[in-house]
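Colleague: My questions all concern the structure below.
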Amino acid sequence: MNTNGHRVVVLGGGYTGMLAAIRLAHRTRRAGVRITLVNASDRFTERLRLHQTAAGHRLADHHIPDLLAGTGITFVQGTVTALDPDARAVVLDGGAARLDYDTLVYALGSATDTGLVPGADVHAFTLNGPRAAADLAARAREVAAAGGTITVCGGGLTGVEAATELAEAHPGAHVTLISHAEPGAMMGTRARAYLYRALDRLGVTVRTGVRVTKVLPGAVELEGGEVVASDACLWTTGVKVPALAADAGIAVDDRGLILVDETLRSVSHPSVHAIGDTAAIRMAWGQIHGTCQSGLPTAQYTGDAIARLLRGRAVKPFRFGYYHQPVSLGRRDAVIQFTYADDTPRRVYLKGRAAVLYKEFVSSSPLKFYRISKRFNISVTPSKGGRVTLPKRAARTRHDDAARTRHDDAARTRRDDAARTRRDDAARTRRDDAARTRRDDAARTRNGSPA
């Protein structure tokens, strides 16, 4: 295929879109491929650190043009308002601009869904970007000064990180974590116990087994009618993705995630590659849930896959397995649960100072990957999941080989047992014949007969 002038448009300058664009630029630097990255802001957002912003910590500013410097990638600041996958075009800012493409990488990410209960969209704060986190930080300072209450709705890892961060930064505020499920429920027993001790040490009140049904101006209402005072409510439960793909007629699932094949290409529009939170990616053990841990490998894979396709080469199926659940518990504590490929917990976990260093390495690694990826093809996929993510055909072959081996071993065992039985029977027969001969000789001797 002639790649000269091939137009690749990457939608979204978050963790996955940034890596996919830089990776592809390095892979195709001599092929004349034109890559454009589109993002609503020129600032790169470290979503892994937004709970730090919410607690009032200042983070370093990273600007997308600076991160892309030297790659040859064109940056366009604008909001994607429509897609035309049949014409292969992207509409920006309500029609103010249009970008045509030959290949599209869809990496627009996800956000917290505040439409799940009445009032959450009006009265609750979120971590949907630096501005939203900064708004919460300003309110949290006011609440702490007045000795008020901050409620965090949602006991997932984001909720736990936010609750501990706020409690540590604002000891004058009373922080309550409200969750239907047990916080850290996906972790092992020991890691979860350590997490609970940290919540208790920081004075966080934990309410589990309850659902929030409404967010009010100064309170949250629980299922059953109980009203809990809340001077500031942080909503962390539920995820939504942009409706752009569905509105454009691209095949999506019931949550709006783009349905992709084993190479992360849209099943309805193969010129569209979906990565990160916006793709419905299935492994043999189940569907991947959106995290930076899984998003970066999809970006690496897609950058490589597009480069191979442009050269007319075959692409192997995407493989990925989870390997950890890193959780910060304020600035001075953390817990890391190591996992199997399907994200279920192993026995091993890390805690305390070692976990803090580990978590900081994880949070800071994407920016390092971007810088290195401009020059080298570094891997950001520590685990492909082992046997549980093997392609079906290969897995079936291995299964058949294993079954055949078991069958051969069983047959060999039966043959050995039969041969052993025959040898034992022959030896027994010889012993019986010898004993019979001795008895006959003894009888003849007693009767006076010659031997």
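Naming scheme: A, B, ... for chains in displayed order of the structure tokens; residues 1 onward per chain; ligands 1 onward as shown.
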Residues of range 16-106 of chain A in helix (DSSP H, G or I) according to DSSP, as a list in words?
Modeller: Thr16, Gly17, Met18, Leu19, Ala20, Ala21, Ile22, Arg23, Leu24, Ala25, His26, Arg27, Arg47, Leu48, Arg49, Leu50, His51, Gln52, Thr53, Ala54, Ile64, Pro65, Asp66, Leu67, Leu68, Asp93, Gly94 and Gly95 of chain A
Colleague: Residues of range 43-138 of chain A that approach range 289-294 of chain A to 12 Å or less, counting only C-alpha atoms: could you list each one with the shortest pair of atoms and its distance in Å to one decimal, rows by chain and increasing residue number, as a Markdown table?
Modeller:
| residue | atom | partner | partner_atom | distance |
| --- | --- | --- | --- | --- |
| A:Glu46 | CA | A:Cys292 | CA | 10.3 |
| A:Arg47 | CA | A:Cys292 | CA | 8.9 |
| A:Leu48 | CA | A:Cys292 | CA | 8.0 |
| A:Arg49 | CA | A:Cys292 | CA | 11.8 |
| A:Ala107 | CA | A:Gly290 | CA | 11.6 |
| A:Gly109 | CA | A:Gly290 | CA | 8.6 |
| A:Ser110 | CA | A:Gly290 | CA | 8.3 |
| A:Ala111 | CA | A:Gly290 | CA | 10.6 |
| A:Thr112 | CA | A:Gly290 | CA | 12.0 |
Colleague: As a PyMOL selection string, please: the residues near range 200-214 of chain A (cut-off 7 Å, only C-alpha atoms, same-chain neighbours under 3 positions excluded).
Modeller: chain A and resi 117-119+164+167-168+175-182+196-197+220-223
Colleague: Just list as an mmCIF file with all heavy atoms, in the first residue's frame whatever in range 33-99 of chain A DSSP marks as strand (DSSP E).
Modeller:
data_model
loop_
_atom_site.group_PDB
_atom_site.id
_atom_site.type_symbol
_atom_site.label_atom_id
_atom_site.label_comp_id
_atom_site.auth_asym_id
_atom_site.auth_seq_id
_atom_site.Cartn_x
_atom_site.Cartn_y
_atom_site.Cartn_z
ATOM 1 N N ARG A 34 0.446 11.318 7.522
ATOM 2 C CA ARG A 34 0.085 12.590 8.167
ATOM 3 C C ARG A 34 -0.834 12.313 9.344
ATOM 4 O O ARG A 34 -1.951 11.817 9.171
ATOM 5 C CB ARG A 34 -0.588 13.516 7.165
ATOM 6 C CG ARG A 34 0.352 13.983 6.046
ATOM 7 C CD ARG A 34 -0.326 15.013 5.161
ATOM 8 N NE ARG A 34 -1.431 14.431 4.404
ATOM 9 C CZ ARG A 34 -2.327 15.143 3.734
ATOM 10 N NH1 ARG A 34 -2.293 16.468 3.782
ATOM 11 N NH2 ARG A 34 -3.279 14.548 3.044
ATOM 12 N N ILE A 35 -0.359 12.644 10.531
ATOM 13 C CA ILE A 35 -1.102 12.344 11.765
ATOM 14 C C ILE A 35 -1.564 13.648 12.400
ATOM 15 O O ILE A 35 -0.778 14.586 12.578
ATOM 16 C CB ILE A 35 -0.218 11.564 12.760
ATOM 17 C CG1 ILE A 35 0.300 10.279 12.114
ATOM 18 C CG2 ILE A 35 -1.003 11.246 14.033
ATOM 19 C CD1 ILE A 35 1.338 9.559 12.947
ATOM 20 N N THR A 36 -2.855 13.690 12.755
ATOM 21 C CA THR A 36 -3.437 14.858 13.422
ATOM 22 C C THR A 36 -4.066 14.412 14.738
ATOM 23 O O THR A 36 -4.833 13.443 14.770
ATOM 24 C CB THR A 36 -4.517 15.519 12.549
ATOM 25 O OG1 THR A 36 -3.938 15.921 11.302
ATOM 26 C CG2 THR A 36 -5.103 16.733 13.241
ATOM 27 N N LEU A 37 -3.730 15.098 15.818
ATOM 28 C CA LEU A 37 -4.305 14.817 17.137
ATOM 29 C C LEU A 37 -5.268 15.935 17.490
ATOM 30 O O LEU A 37 -4.912 17.114 17.438
ATOM 31 C CB LEU A 37 -3.209 14.714 18.191
ATOM 32 C CG LEU A 37 -3.673 14.508 19.639
ATOM 33 C CD1 LEU A 37 -4.341 13.148 19.805
ATOM 34 C CD2 LEU A 37 -2.503 14.639 20.607
ATOM 35 N N VAL A 38 -6.496 15.575 17.851
ATOM 36 C CA VAL A 38 -7.538 16.551 18.176
ATOM 37 C C VAL A 38 -7.884 16.438 19.657
ATOM 38 O O VAL A 38 -8.123 15.340 20.171
ATOM 39 C CB VAL A 38 -8.806 16.305 17.333
ATOM 40 C CG1 VAL A 38 -9.890 17.324 17.685
ATOM 41 C CG2 VAL A 38 -8.480 16.357 15.844
ATOM 42 N N ASN A 39 -7.925 17.583 20.353
ATOM 43 C CA ASN A 39 -8.331 17.595 21.750
ATOM 44 C C ASN A 39 -8.983 18.930 22.076
ATOM 45 O O ASN A 39 -8.613 19.964 21.519
ATOM 46 C CB ASN A 39 -7.130 17.368 22.669
ATOM 47 C CG ASN A 39 -7.557 16.943 24.066
ATOM 48 O OD1 ASN A 39 -8.137 15.869 24.230
ATOM 49 N ND2 ASN A 39 -7.262 17.759 25.068
ATOM 50 N N THR A 74 0.455 16.939 13.904
ATOM 51 C CA THR A 74 -0.255 18.216 13.917
ATOM 52 C C THR A 74 -1.285 18.200 15.043
ATOM 53 O O THR A 74 -2.085 17.259 15.140
ATOM 54 C CB THR A 74 -0.967 18.465 12.581
ATOM 55 O OG1 THR A 74 -0.003 18.502 11.534
ATOM 56 C CG2 THR A 74 -1.740 19.780 12.610
ATOM 57 N N PHE A 75 -1.261 19.232 15.891
ATOM 58 C CA PHE A 75 -2.249 19.326 16.960
ATOM 59 C C PHE A 75 -3.343 20.313 16.576
ATOM 60 O O PHE A 75 -3.053 21.432 16.141
ATOM 61 C CB PHE A 75 -1.606 19.772 18.270
ATOM 62 C CG PHE A 75 -2.604 20.047 19.361
ATOM 63 C CD1 PHE A 75 -3.420 19.040 19.844
ATOM 64 C CD2 PHE A 75 -2.754 21.336 19.880
ATOM 65 C CE1 PHE A 75 -4.359 19.291 20.843
ATOM 66 C CE2 PHE A 75 -3.677 21.596 20.873
ATOM 67 C CZ PHE A 75 -4.490 20.568 21.360
ATOM 68 N N VAL A 76 -4.596 19.896 16.732
ATOM 69 C CA VAL A 76 -5.746 20.753 16.480
ATOM 70 C C VAL A 76 -6.561 20.843 17.762
ATOM 71 O O VAL A 76 -7.039 19.824 18.275
ATOM 72 C CB VAL A 76 -6.630 20.213 15.335
ATOM 73 C CG1 VAL A 76 -7.899 21.055 15.194
ATOM 74 C CG2 VAL A 76 -5.853 20.209 14.021
ATOM 75 N N GLN A 77 -6.717 22.052 18.297
ATOM 76 C CA GLN A 77 -7.544 22.239 19.479
ATOM 77 C C GLN A 77 -8.973 22.509 19.046
ATOM 78 O O GLN A 77 -9.263 23.477 18.336
ATOM 79 C CB GLN A 77 -7.032 23.410 20.322
ATOM 80 C CG GLN A 77 -7.812 23.584 21.624
ATOM 81 C CD GLN A 77 -7.214 24.654 22.517
ATOM 82 O OE1 GLN A 77 -6.100 25.135 22.278
ATOM 83 N NE2 GLN A 77 -7.948 25.041 23.563
ATOM 84 N N VAL A 80 -14.910 17.819 19.213
ATOM 85 C CA VAL A 80 -15.545 17.001 18.176
ATOM 86 C C VAL A 80 -17.050 17.012 18.425
ATOM 87 O O VAL A 80 -17.529 16.626 19.498
ATOM 88 C CB VAL A 80 -15.020 15.551 18.212
ATOM 89 C CG1 VAL A 80 -15.661 14.726 17.094
ATOM 90 C CG2 VAL A 80 -13.507 15.531 18.092
ATOM 91 N N THR A 81 -17.813 17.462 17.429
ATOM 92 C CA THR A 81 -19.267 17.555 17.587
ATOM 93 C C THR A 81 -20.025 16.574 16.707
ATOM 94 O O THR A 81 -21.219 16.357 16.918
ATOM 95 C CB THR A 81 -19.751 18.988 17.287
ATOM 96 O OG1 THR A 81 -19.240 19.420 16.019
ATOM 97 C CG2 THR A 81 -19.264 19.949 18.367
ATOM 98 N N ALA A 82 -19.361 15.982 15.725
ATOM 99 C CA ALA A 82 -20.033 15.003 14.866
ATOM 100 C C ALA A 82 -18.999 14.189 14.099
ATOM 101 O O ALA A 82 -17.869 14.642 13.874
ATOM 102 C CB ALA A 82 -20.979 15.691 13.883
ATOM 103 N N LEU A 83 -19.405 12.983 13.724
ATOM 104 C CA LEU A 83 -18.583 12.106 12.884
ATOM 105 C C LEU A 83 -19.389 11.699 11.665
ATOM 106 O O LEU A 83 -20.609 11.518 11.748
ATOM 107 C CB LEU A 83 -18.171 10.840 13.651
ATOM 108 C CG LEU A 83 -17.349 10.989 14.928
ATOM 109 C CD1 LEU A 83 -17.140 9.608 15.554
ATOM 110 C CD2 LEU A 83 -16.013 11.637 14.625
ATOM 111 N N ASP A 84 -18.707 11.531 10.547
ATOM 112 C CA ASP A 84 -19.322 10.972 9.343
ATOM 113 C C ASP A 84 -18.420 9.832 8.880
ATOM 114 O O ASP A 84 -17.537 10.023 8.041
ATOM 115 C CB ASP A 84 -19.451 12.036 8.249
ATOM 116 C CG ASP A 84 -20.255 11.528 7.049
ATOM 117 O OD1 ASP A 84 -20.424 10.302 6.926
ATOM 118 O OD2 ASP A 84 -20.691 12.360 6.238
ATOM 119 N N ALA A 89 -14.999 11.636 7.814
ATOM 120 C CA ALA A 89 -14.782 13.033 8.174
ATOM 121 C C ALA A 89 -15.154 13.266 9.634
ATOM 122 O O ALA A 89 -16.030 12.590 10.190
ATOM 123 C CB ALA A 89 -15.610 13.948 7.277
ATOM 124 N N VAL A 90 -14.469 14.236 10.249
ATOM 125 C CA VAL A 90 -14.721 14.650 11.622
ATOM 126 C C VAL A 90 -15.134 16.114 11.603
ATOM 127 O O VAL A 90 -14.474 16.945 10.960
ATOM 128 C CB VAL A 90 -13.453 14.486 12.494
ATOM 129 C CG1 VAL A 90 -13.706 15.011 13.902
ATOM 130 C CG2 VAL A 90 -13.017 13.028 12.526
ATOM 131 N N VAL A 91 -16.216 16.427 12.301
ATOM 132 C CA VAL A 91 -16.701 17.805 12.373
ATOM 133 C C VAL A 91 -16.334 18.377 13.739
ATOM 134 O O VAL A 91 -16.607 17.761 14.775
ATOM 135 C CB VAL A 91 -18.229 17.868 12.158
ATOM 136 C CG1 VAL A 91 -18.714 19.309 12.286
ATOM 137 C CG2 VAL A 91 -18.590 17.287 10.795
ATOM 138 N N LEU A 92 -15.740 19.570 13.739
ATOM 139 C CA LEU A 92 -15.305 20.215 14.971
ATOM 140 C C LEU A 92 -16.106 21.482 15.239
ATOM 141 O O LEU A 92 -16.481 22.200 14.309
ATOM 142 C CB LEU A 92 -13.824 20.578 14.893
ATOM 143 C CG LEU A 92 -12.830 19.454 14.599
ATOM 144 C CD1 LEU A 92 -11.416 20.009 14.542
ATOM 145 C CD2 LEU A 92 -12.926 18.357 15.640
ATOM 146 N N ALA A 97 -15.025 23.634 11.653
ATOM 147 C CA ALA A 97 -13.889 23.010 10.967
ATOM 148 C C ALA A 97 -14.243 21.563 10.659
ATOM 149 O O ALA A 97 -15.109 20.957 11.297
ATOM 150 C CB ALA A 97 -12.634 23.083 11.825
ATOM 151 N N ARG A 98 -13.548 21.003 9.668
ATOM 152 C CA ARG A 98 -13.773 19.625 9.250
ATOM 153 C C ARG A 98 -12.417 18.992 8.938
ATOM 154 O O ARG A 98 -11.557 19.603 8.301
ATOM 155 C CB ARG A 98 -14.673 19.593 8.008
ATOM 156 C CG ARG A 98 -14.815 18.226 7.340
ATOM 157 C CD ARG A 98 -15.505 18.366 6.001
ATOM 158 N NE ARG A 98 -15.456 17.135 5.216
ATOM 159 C CZ ARG A 98 -16.485 16.327 5.036
ATOM 160 N NH1 ARG A 98 -17.662 16.626 5.562
ATOM 161 N NH2 ARG A 98 -16.363 15.234 4.303
ATOM 162 N N LEU A 99 -12.247 17.768 9.407
ATOM 163 C CA LEU A 99 -11.029 17.017 9.131
ATOM 164 C C LEU A 99 -11.394 15.734 8.405
ATOM 165 O O LEU A 99 -12.247 14.967 8.883
ATOM 166 C CB LEU A 99 -10.289 16.672 10.434
ATOM 167 C CG LEU A 99 -9.664 17.830 11.230
ATOM 168 C CD1 LEU A 99 -9.120 17.315 12.557
ATOM 169 C CD2 LEU A 99 -8.561 18.492 10.427
#
Colleague: Which residues of range 194-248 of chain A have any atom within 12 Å of an atom in range 272-276 of chain A when counting only C-alpha atoms, and what is the closest pair of atoms for each, with the distance in Å to one decimal? Order the rows by chain and rising number and write it as JSON lines.
Modeller:
{"residue": "A:Val241", "atom": "CA", "partner": "A:Gly276", "partner_atom": "CA", "distance": 11.0}
{"residue": "A:Ala245", "atom": "CA", "partner": "A:Ala274", "partner_atom": "CA", "distance": 10.1}
{"residue": "A:Ala248", "atom": "CA", "partner": "A:Val272", "partner_atom": "CA", "distance": 11.9}
